[in-house]
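Before any comments, here is the structure.
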Amino acid sequence: IFNFFIMKHLKIFAALCCVAAVFTACEKNDPSDNTTGTANGHEWVDLGLPSGLKWATCNVGATKPEEYGDYYAWGETSPKTTYDWDSYKWATATCTWDATYKFWKLETLTKYNTDSDYGTVDNKTTLDLEDDAARANWGGAWRMPTDAEWTELCENCTWTWTSDYNGTGVAGRVVTSMTNGNSIFLPAAGIRDSDGLDRAGDNGIYWSSSLRTVYPDDAWYVGFTSGYVDNRNSCSRFCGLSVRPVLK
């Protein structure tokens, strides 16, 4: 009888251990445990994207999601007061009138060029890391997203406009994962052109690291207003746009 009593309780104890092990395993595999974190002092969120890419919670130059942060010309790593071809790092300032297509054309690009009409061709179509504003300012594995990675974000998340993010009074888009429900906020920080800030509060315009190869004086960006999300458009490289870093 005593042996039966011992064996019975040992079986119960073993069963309880199994249950505890199952719960422990579930806790370790709970996605909520590893969908946020920090890298090199900056917060990221896992939005459950097919690529596994993680997105930063703030713009470069910001410390909170609602802050605009700094503005960068494409391929430059420091903000400045004037954004035009004269001050742009990777071009000469000379422009010519194209009589066929009726527009002013940049004469010479000194880096990231796929067209001999714009100078010496190097066929670089993605920013080198030394010219990447995210890597230069945040370090670690942070970098700017490519055009394709912005498209992935657009296709796998809902983009909801708000005029008052978390009571801060800042307008922008809350980007929410269709997979795990996590989200980031992209403020409508506008664009810097020449020496002014335009469309802040109405437009969000964010650089990718990808050159527009057909017109290499442009690079691809993602933009939005309260009425639409433009998941692929291009802008002159000298313009000052927001930068939202990513990492894997």
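In the structure tokens, chains take the letters A, B, ... in the order shown, each chain's residues start at 1, and ligands count up from 1 in the order shown.
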
Contacts of stretch 160-233 of chain A with stretch 136-151 of chain A up to 6 Å, shortest pair per row, only C-alpha atoms, as a tab-separated table:
residue	atom	partner	partner_atom	distance
A:Ser208	CA	A:Thr146	CA	4.9
A:Ser209	CA	A:Thr146	CA	4.9
A:Ser210	CA	A:Thr146	CA	5.5

Take the selection from the previous step and output its residues with all heavy atoms, as an mmCIF file, in the first residue's frame.
data_model
loop_
_atom_site.group_PDB
_atom_site.id
_atom_site.type_symbol
_atom_site.label_atom_id
_atom_site.label_comp_id
_atom_site.auth_asym_id
_atom_site.auth_seq_id
_atom_site.Cartn_x
_atom_site.Cartn_y
_atom_site.Cartn_z
ATOM 1 N N SER A 208 13.911 56.341 -49.430
ATOM 2 C CA SER A 208 14.474 54.998 -49.492
ATOM 3 C C SER A 208 15.962 55.150 -49.813
ATOM 4 O O SER A 208 16.448 56.257 -50.070
ATOM 5 C CB SER A 208 13.785 54.169 -50.583
ATOM 6 O OG SER A 208 14.286 54.503 -51.867
ATOM 7 N N SER A 209 16.677 54.046 -49.835
ATOM 8 C CA SER A 209 18.100 54.085 -50.195
ATOM 9 C C SER A 209 18.305 53.775 -51.677
ATOM 10 O O SER A 209 19.438 53.565 -52.116
ATOM 11 C CB SER A 209 18.880 53.077 -49.354
ATOM 12 O OG SER A 209 18.388 51.760 -49.573
ATOM 13 N N SER A 210 17.203 53.778 -52.450
ATOM 14 C CA SER A 210 17.249 53.326 -53.842
ATOM 15 C C SER A 210 17.188 54.481 -54.834
ATOM 16 O O SER A 210 16.313 55.353 -54.742
ATOM 17 C CB SER A 210 16.083 52.369 -54.113
ATOM 18 O OG SER A 210 16.107 51.271 -53.229
#

Problem - Neighbour list for stretch 230-238 of chain A as a list in words, cut-off 8 Å, only C-alpha atoms, skip fewer than 5 positions in-chain - result: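 Residues near the query, excluding close chain neighbours: Ala73, Trp74, Gly75, Tyr83, Asp84, Trp85, Ser87, Tyr88, Asp147, Trp150, Thr151, Cys154, Arg212, Asp217, Asp218, Ala219, Trp220, Tyr221, Val222, Gly223 and Phe224 of chain A.
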
Problem - DSSP alpha helix (DSSP H) selection over stretch 16-199 of chain A, as a PyMOL selection string - result: chain A and resi 16-29+133-138+147-156

Take the residues from that selection and write them out as an mmCIF file, in the first residue's frame, keeping N, CA and C atoms.
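As written to disk, selection-v4.cif reads:
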data_model
loop_
_atom_site.group_PDB
_atom_site.id
_atom_site.type_symbol
_atom_site.label_atom_id
_atom_site.label_comp_id
_atom_site.auth_asym_id
_atom_site.auth_seq_id
_atom_site.Cartn_x
_atom_site.Cartn_y
_atom_site.Cartn_z
ATOM 1 N N LEU A 16 2.579 17.185 -13.287
ATOM 2 C CA LEU A 16 2.666 18.627 -13.023
ATOM 3 C C LEU A 16 3.919 19.224 -13.648
ATOM 4 N N CYS A 17 5.017 18.493 -13.611
ATOM 5 C CA CYS A 17 6.262 18.966 -14.213
ATOM 6 C C CYS A 17 6.105 19.136 -15.717
ATOM 7 N N CYS A 18 5.395 18.200 -16.339
ATOM 8 C CA CYS A 18 5.164 18.280 -17.782
ATOM 9 C C CYS A 18 4.353 19.513 -18.128
ATOM 10 N N VAL A 19 3.285 19.746 -17.320
ATOM 11 C CA VAL A 19 2.444 20.925 -17.549
ATOM 12 C C VAL A 19 3.272 22.207 -17.414
ATOM 13 N N ALA A 20 4.106 22.254 -16.362
ATOM 14 C CA ALA A 20 4.953 23.436 -16.145
ATOM 15 C C ALA A 20 5.905 23.637 -17.307
ATOM 16 N N ALA A 21 6.450 22.523 -17.822
ATOM 17 C CA ALA A 21 7.376 22.621 -18.947
ATOM 18 C C ALA A 21 6.687 23.162 -20.179
ATOM 19 N N VAL A 22 5.438 22.715 -20.404
ATOM 20 C CA VAL A 22 4.667 23.198 -21.551
ATOM 21 C C VAL A 22 4.444 24.701 -21.447
ATOM 22 N N PHE A 23 4.014 25.162 -20.260
ATOM 23 C CA PHE A 23 3.783 26.600 -20.061
ATOM 24 C C PHE A 23 5.062 27.397 -20.256
ATOM 25 N N THR A 24 6.180 26.851 -19.746
ATOM 26 C CA THR A 24 7.457 27.540 -19.901
ATOM 27 C C THR A 24 7.831 27.657 -21.364
ATOM 28 N N ALA A 25 7.627 26.569 -22.114
ATOM 29 C CA ALA A 25 7.934 26.587 -23.542
ATOM 30 C C ALA A 25 7.065 27.593 -24.263
ATOM 31 N N CYS A 26 5.781 27.643 -23.897
ATOM 32 C CA CYS A 26 4.870 28.606 -24.519
ATOM 33 C C CYS A 26 5.318 30.027 -24.247
ATOM 34 N N GLU A 27 5.753 30.271 -23.012
ATOM 35 C CA GLU A 27 6.200 31.611 -22.664
ATOM 36 C C GLU A 27 7.441 31.997 -23.474
ATOM 37 N N LYS A 28 8.348 31.066 -23.666
ATOM 38 C CA LYS A 28 9.561 31.368 -24.411
ATOM 39 C C LYS A 28 9.266 31.624 -25.873
ATOM 40 N N ASN A 29 8.219 30.969 -26.415
ATOM 41 C CA ASN A 29 7.888 31.123 -27.823
ATOM 42 C C ASN A 29 6.822 32.179 -28.071
ATOM 43 N N ALA A 133 22.214 57.918 -44.162
ATOM 44 C CA ALA A 133 22.004 58.768 -42.986
ATOM 45 C C ALA A 133 21.673 57.962 -41.732
ATOM 46 N N ALA A 134 20.964 56.840 -41.890
ATOM 47 C CA ALA A 134 20.629 56.018 -40.729
ATOM 48 C C ALA A 134 21.872 55.372 -40.137
ATOM 49 N N ARG A 135 22.707 54.772 -40.982
ATOM 50 C CA ARG A 135 23.919 54.119 -40.490
ATOM 51 C C ARG A 135 24.891 55.147 -39.915
ATOM 52 N N ALA A 136 25.051 56.267 -40.594
ATOM 53 C CA ALA A 136 26.019 57.277 -40.156
ATOM 54 C C ALA A 136 25.653 57.874 -38.802
ATOM 55 N N ASN A 137 24.354 58.024 -38.532
ATOM 56 C CA ASN A 137 23.923 58.686 -37.302
ATOM 57 C C ASN A 137 23.578 57.719 -36.174
ATOM 58 N N TRP A 138 23.131 56.520 -36.495
ATOM 59 C CA TRP A 138 22.729 55.566 -35.463
ATOM 60 C C TRP A 138 23.714 54.428 -35.284
ATOM 61 N N ASP A 147 13.728 50.771 -51.575
ATOM 62 C CA ASP A 147 12.424 50.963 -52.205
ATOM 63 C C ASP A 147 11.540 49.723 -52.027
ATOM 64 N N ALA A 148 12.116 48.542 -52.224
ATOM 65 C CA ALA A 148 11.364 47.293 -52.080
ATOM 66 C C ALA A 148 10.899 47.072 -50.643
ATOM 67 N N GLU A 149 11.694 47.491 -49.675
ATOM 68 C CA GLU A 149 11.310 47.304 -48.270
ATOM 69 C C GLU A 149 10.181 48.253 -47.866
ATOM 70 N N TRP A 150 10.161 49.456 -48.429
ATOM 71 C CA TRP A 150 8.998 50.327 -48.204
ATOM 72 C C TRP A 150 7.745 49.708 -48.805
ATOM 73 N N THR A 151 7.883 49.122 -49.986
ATOM 74 C CA THR A 151 6.732 48.469 -50.618
ATOM 75 C C THR A 151 6.219 47.333 -49.750
ATOM 76 N N GLU A 152 7.125 46.553 -49.174
ATOM 77 C CA GLU A 152 6.733 45.480 -48.268
ATOM 78 C C GLU A 152 5.933 46.031 -47.086
ATOM 79 N N LEU A 153 6.383 47.159 -46.535
ATOM 80 C CA LEU A 153 5.671 47.761 -45.406
ATOM 81 C C LEU A 153 4.270 48.197 -45.831
ATOM 82 N N CYS A 154 4.167 48.758 -47.014
ATOM 83 C CA CYS A 154 2.855 49.205 -47.506
ATOM 84 C C CYS A 154 1.909 48.033 -47.732
ATOM 85 N N GLU A 155 2.426 46.941 -48.241
ATOM 86 C CA GLU A 155 1.578 45.807 -48.615
ATOM 87 C C GLU A 155 1.177 44.930 -47.434
ATOM 88 N N ASN A 156 1.899 45.023 -46.329
ATOM 89 C CA ASN A 156 1.631 44.135 -45.190
ATOM 90 C C ASN A 156 1.124 44.855 -43.947
#

Handout entry: Atom pair atom CA of A:Asn113 / atom CA of A:Cys239: separation (Å)
Key = 17.2 Å

Problem - Interatomic distance (Å, one decimal) between atom CA of A:Gly169 and atom CA of A:Ala188 - result: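 It comes out at 11.4 Å.
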
Practice task
Name the closest residue to A:Arg199 among the candidates A:Leu49, A:Ala62, A:Ala39, A:Ala171; distances are taken between atoms, counting only C-alpha atoms.
Solution key: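 Looking at the shortest contact to A:Arg199, the residue is A:Ala171.
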
Selection: 7 Å around A:Thr125, only C-alpha atoms, excl. self and same-chain fewer than 2 positions, as an mmCIF file with C-alpha atoms, in the first residue's frame:
data_model
loop_
_atom_site.group_PDB
_atom_site.id
_atom_site.type_symbol
_atom_site.label_atom_id
_atom_site.label_comp_id
_atom_site.auth_asym_id
_atom_site.auth_seq_id
_atom_site.Cartn_x
_atom_site.Cartn_y
_atom_site.Cartn_z
ATOM 1 C CA TYR A 112 25.202 57.224 -58.072
ATOM 2 C CA ASN A 123 25.911 52.184 -61.941
ATOM 3 C CA LEU A 127 23.399 54.025 -51.156
ATOM 4 C CA SER A 210 17.249 53.326 -53.842
ATOM 5 C CA LEU A 211 18.142 55.432 -56.862
ATOM 6 C CA THR A 213 17.754 54.547 -62.357
#

Practice task
Write out as a PyMOL selection string which residues come within 8 Å of stretch 159-162 of chain A when counting only C-alpha atoms, dropping same-chain ones fewer than 5 positions away.
Solution key: chain A and resi 154+171-176+225-226+229

Expected file contents, prior selection, N, CA, C and O atoms, as a PDB file, in the first residue's frame:
ATOM      1  N   CYS A 154       4.167  48.758 -47.014  1.00  0.00           N
ATOM      2  CA  CYS A 154       2.855  49.205 -47.506  1.00  0.00           C
ATOM      3  C   CYS A 154       1.909  48.033 -47.732  1.00  0.00           C
ATOM      4  O   CYS A 154       0.712  48.118 -47.427  1.00  0.00           O
ATOM      5  N   ALA A 171       0.255  65.178 -36.556  1.00  0.00           N
ATOM      6  CA  ALA A 171      -0.447  64.414 -37.585  1.00  0.00           C
ATOM      7  C   ALA A 171       0.506  63.452 -38.282  1.00  0.00           C
ATOM      8  O   ALA A 171       1.716  63.694 -38.359  1.00  0.00           O
ATOM      9  N   GLY A 172      -0.046  62.362 -38.779  1.00  0.00           N
ATOM     10  CA  GLY A 172       0.750  61.390 -39.510  1.00  0.00           C
ATOM     11  C   GLY A 172      -0.019  60.098 -39.703  1.00  0.00           C
ATOM     12  O   GLY A 172      -1.244  60.064 -39.562  1.00  0.00           O
ATOM     13  N   ARG A 173       0.701  59.047 -40.016  1.00  0.00           N
ATOM     14  CA  ARG A 173       0.092  57.736 -40.257  1.00  0.00           C
ATOM     15  C   ARG A 173       0.565  56.714 -39.222  1.00  0.00           C
ATOM     16  O   ARG A 173       1.767  56.576 -38.963  1.00  0.00           O
ATOM     17  N   VAL A 174      -0.400  56.005 -38.634  1.00  0.00           N
ATOM     18  CA  VAL A 174      -0.101  54.858 -37.777  1.00  0.00           C
ATOM     19  C   VAL A 174      -0.059  53.637 -38.687  1.00  0.00           C
ATOM     20  O   VAL A 174      -1.059  53.302 -39.340  1.00  0.00           O
ATOM     21  N   VAL A 175       1.083  52.980 -38.740  1.00  0.00           N
ATOM     22  CA  VAL A 175       1.295  51.842 -39.632  1.00  0.00           C
ATOM     23  C   VAL A 175       1.210  50.571 -38.793  1.00  0.00           C
ATOM     24  O   VAL A 175       2.076  50.313 -37.953  1.00  0.00           O
ATOM     25  N   THR A 176       0.149  49.780 -39.016  1.00  0.00           N
ATOM     26  CA  THR A 176      -0.156  48.636 -38.162  1.00  0.00           C
ATOM     27  C   THR A 176      -0.033  47.329 -38.931  1.00  0.00           C
ATOM     28  O   THR A 176      -0.604  47.176 -40.017  1.00  0.00           O
ATOM     29  N   THR A 225      -0.478  61.620 -47.369  1.00  0.00           N
ATOM     30  CA  THR A 225      -1.251  62.728 -46.817  1.00  0.00           C
ATOM     31  C   THR A 225      -2.394  62.110 -46.034  1.00  0.00           C
ATOM     32  O   THR A 225      -2.429  60.889 -45.834  1.00  0.00           O
ATOM     33  N   SER A 226      -3.352  62.919 -45.658  1.00  0.00           N
ATOM     34  CA  SER A 226      -4.539  62.373 -44.985  1.00  0.00           C
ATOM     35  C   SER A 226      -5.400  61.578 -45.949  1.00  0.00           C
ATOM     36  O   SER A 226      -6.189  60.725 -45.539  1.00  0.00           O
ATOM     37  N   VAL A 229      -1.867  57.164 -49.594  1.00  0.00           N
ATOM     38  CA  VAL A 229      -0.493  56.730 -49.367  1.00  0.00           C
ATOM     39  C   VAL A 229       0.121  56.451 -50.731  1.00  0.00           C
ATOM     40  O   VAL A 229      -0.420  55.676 -51.517  1.00  0.00           O
TER      41      VAL A 229
END

Problem - In stretch 48-213 of chain A, DSSP strand (DSSP E) residues written as a PyMOL selection string - result: chain A and resi 54-56+95-98+103-106+157-162+172-177+183-187+191-193+196-198+204-211

Handout entry: Atomic distance atom CA of A:Gly119 - atom CA of A:Pro79, expressed in Å with one decimal
Key =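 Computed distance, atom CA of A:Gly119 to atom CA of A:Pro79, equals 25.8 Å.
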
Exercise for the section: Give the answer as one residue: which of A:Pro187, A:Ala200, A:Arg244, A:Gly167 has the shortest atom-to-atom distance to A:Lys54, using only C-alpha atoms? Expected result: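 Ranked by minimum distance to A:Lys54, first place goes to A:Arg244.
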
Exercise for the section: Check the smallest atom-to-atom distance from each of A:His42, A:Lys64, A:Lys80, A:Lys124 to A:Ser194 using only C-alpha atoms, then report the winner. Expected result: A:Lys80
